[in-house]
Amino acid sequence: MPEQEDKVLGYVLCRDCMTPKQIIQGSGKRARFLRAKCECGASMLTGAKIQAKWAKYKTLEEVQAQIKELTTPTPLPKQEVTPADLEQTKQPSQSQTKPSGAVAWVIGGALAAFGLGFAKLAKA
Ligand SMILES: [Zn+2]
């Protein structure tokens, strides 16, 4: 009898190798258990905790999105698009002579401008 092909039910994220871990329905004596396979290797743990974790499998797309989210640093909000910031970049001589205390003020101003821009977008 030929060996049965693995029946992949879904995937969970493996935080060790950061790849989608295949969740496969066990067969034969282990038919009631799930087993898992990823780049770390195959896992046939039957503990209730790990089985419950594997039972929460997702689709490959979901797990891939999860990996992308975890491996991509959160992008900072774009602040250079506001007119106020463009004004500031036109005067480099001023910003160079500013005392360091002003930097916090500039950042605060940029954040406020960003907030205003966002409010405008929300109204539109
Ligand atoms: Zn792994």
# chains A, B, ... in the order shown; residues from 1 in each chain; ligands from 1

$ residues_around --residues "Glu61 in chain A" --least-positions-apart "5" --cutoff "12 Å" --atoms "only C-alpha atoms" --output "JSON, numbers by chain"
{"A": [10, 11, 12, 13, 19, 20, 66, 67, 68]}

$ closest_atom_pairs --of "chain A" --to "ligand 1" --cutoff "10 Å" --atoms "only C-alpha atoms and all ligand atoms" --output "JSON lines"
{"residue": "A:Val12", "atom": "CA", "partner": "ligand 1", "partner_atom_place_in_ligand_line": "1 (Zn)", "distance": 9.8}
{"residue": "A:Leu13", "atom": "CA", "partner": "ligand 1", "partner_atom_place_in_ligand_line": "1 (Zn)", "distance": 8.0}
{"residue": "A:Cys14", "atom": "CA", "partner": "ligand 1", "partner_atom_place_in_ligand_line": "1 (Zn)", "distance": 4.6}
{"residue": "A:Arg15", "atom": "CA", "partner": "ligand 1", "partner_atom_place_in_ligand_line": "1 (Zn)", "distance": 6.5}
{"residue": "A:Asp16", "atom": "CA", "partner": "ligand 1", "partner_atom_place_in_ligand_line": "1 (Zn)", "distance": 4.8}
{"residue": "A:Cys17", "atom": "CA", "partner": "ligand 1", "partner_atom_place_in_ligand_line": "1 (Zn)", "distance": 4.1}
{"residue": "A:Met18", "atom": "CA", "partner": "ligand 1", "partner_atom_place_in_ligand_line": "1 (Zn)", "distance": 6.4}
{"residue": "A:Thr19", "atom": "CA", "partner": "ligand 1", "partner_atom_place_in_ligand_line": "1 (Zn)", "distance": 6.3}
{"residue": "A:Pro20", "atom": "CA", "partner": "ligand 1", "partner_atom_place_in_ligand_line": "1 (Zn)", "distance": 7.8}
{"residue": "A:Lys21", "atom": "CA", "partner": "ligand 1", "partner_atom_place_in_ligand_line": "1 (Zn)", "distance": 6.4}
{"residue": "A:Gln22", "atom": "CA", "partner": "ligand 1", "partner_atom_place_in_ligand_line": "1 (Zn)", "distance": 9.6}
{"residue": "A:Ala36", "atom": "CA", "partner": "ligand 1", "partner_atom_place_in_ligand_line": "1 (Zn)", "distance": 9.4}
{"residue": "A:Lys37", "atom": "CA", "partner": "ligand 1", "partner_atom_place_in_ligand_line": "1 (Zn)", "distance": 7.6}
{"residue": "A:Cys38", "atom": "CA", "partner": "ligand 1", "partner_atom_place_in_ligand_line": "1 (Zn)", "distance": 4.8}
{"residue": "A:Glu39", "atom": "CA", "partner": "ligand 1", "partner_atom_place_in_ligand_line": "1 (Zn)", "distance": 4.9}
{"residue": "A:Cys40", "atom": "CA", "partner": "ligand 1", "partner_atom_place_in_ligand_line": "1 (Zn)", "distance": 4.0}
{"residue": "A:Gly41", "atom": "CA", "partner": "ligand 1", "partner_atom_place_in_ligand_line": "1 (Zn)", "distance": 6.8}
{"residue": "A:Ala42", "atom": "CA", "partner": "ligand 1", "partner_atom_place_in_ligand_line": "1 (Zn)", "distance": 8.9}
{"residue": "A:Ser43", "atom": "CA", "partner": "ligand 1", "partner_atom_place_in_ligand_line": "1 (Zn)", "distance": 9.6}

$ write_last_selection --atoms "N, CA and C atoms" --output "short mmCIF file (atom, residue, chain, number, x, y, z; two decimals), in the first residue's frame"
data_model
loop_
_atom_site.label_atom_id
_atom_site.label_comp_id
_atom_site.auth_asym_id
_atom_site.auth_seq_id
_atom_site.Cartn_x
_atom_site.Cartn_y
_atom_site.Cartn_z
N VAL A 12 0.40 27.24 11.06
CA VAL A 12 0.60 28.15 12.20
C VAL A 12 1.99 28.76 12.02
N LEU A 13 2.22 29.87 12.67
CA LEU A 13 3.52 30.51 12.55
C LEU A 13 4.52 29.82 13.46
N CYS A 14 5.66 29.46 12.90
CA CYS A 14 6.74 28.94 13.73
C CYS A 14 7.67 30.10 14.01
N ARG A 15 7.76 30.49 15.27
CA ARG A 15 8.61 31.63 15.64
C ARG A 15 10.09 31.26 15.70
N ASP A 16 10.39 29.99 15.57
CA ASP A 16 11.79 29.57 15.57
C ASP A 16 12.43 29.76 14.21
N CYS A 17 11.73 29.33 13.17
CA CYS A 17 12.31 29.47 11.82
C CYS A 17 11.57 30.52 11.00
N MET A 18 10.54 31.16 11.59
CA MET A 18 9.75 32.18 10.93
C MET A 18 9.23 31.73 9.56
N THR A 19 8.71 30.54 9.53
CA THR A 19 8.06 30.05 8.31
C THR A 19 6.70 29.48 8.71
N PRO A 20 5.80 29.34 7.76
CA PRO A 20 4.52 28.72 8.09
C PRO A 20 4.74 27.24 8.40
N LYS A 21 4.28 26.83 9.57
CA LYS A 21 4.43 25.43 9.98
C LYS A 21 3.18 24.70 9.49
N GLN A 22 3.39 23.63 8.75
CA GLN A 22 2.27 22.85 8.24
C GLN A 22 1.61 22.07 9.37
N ALA A 36 2.96 18.41 13.01
CA ALA A 36 3.37 19.66 12.39
C ALA A 36 4.71 19.51 11.73
N LYS A 37 4.92 20.33 10.70
CA LYS A 37 6.18 20.24 9.96
C LYS A 37 6.58 21.64 9.49
N CYS A 38 7.81 22.01 9.80
CA CYS A 38 8.34 23.29 9.30
C CYS A 38 9.82 23.10 9.08
N GLU A 39 10.53 24.20 8.90
CA GLU A 39 11.97 24.09 8.63
C GLU A 39 12.75 23.58 9.83
N CYS A 40 12.12 23.63 11.01
CA CYS A 40 12.76 23.08 12.21
C CYS A 40 12.74 21.54 12.15
N GLY A 41 11.83 20.99 11.34
CA GLY A 41 11.68 19.55 11.26
C GLY A 41 10.24 19.15 11.54
N ALA A 42 10.00 17.87 11.57
CA ALA A 42 8.65 17.37 11.85
C ALA A 42 8.46 17.25 13.34
N SER A 43 7.24 17.51 13.78
CA SER A 43 6.94 17.43 15.19
C SER A 43 5.69 16.59 15.39
#

$ atom_distance --atom1 "CA of Arg30 in chain A" --atom2 "CA of Thr46 in chain A"
8.8 Å

$ atom_distance --atom1 "CA of Ala110 in chain A" --atom2 "CA of Thr71 in chain A"
28.0 Å

$ atom_distance --atom1 "CA of Phe33 in chain A" --atom2 "CA of Glu5 in chain A"
16.2 Å

$ residues_around --residues "Gly47 in chain A" --least-positions-apart "6" --cutoff "12 Å" --atoms "only C-alpha atoms" --output "number ranges by chain"
A: 33-35, 53-54

$ closest_residue --among "A:Gly109, A:Ile24, A:Lys49, A:Phe114" --to "Leu76 in chain A" --atoms "only C-alpha atoms"
A:Phe114
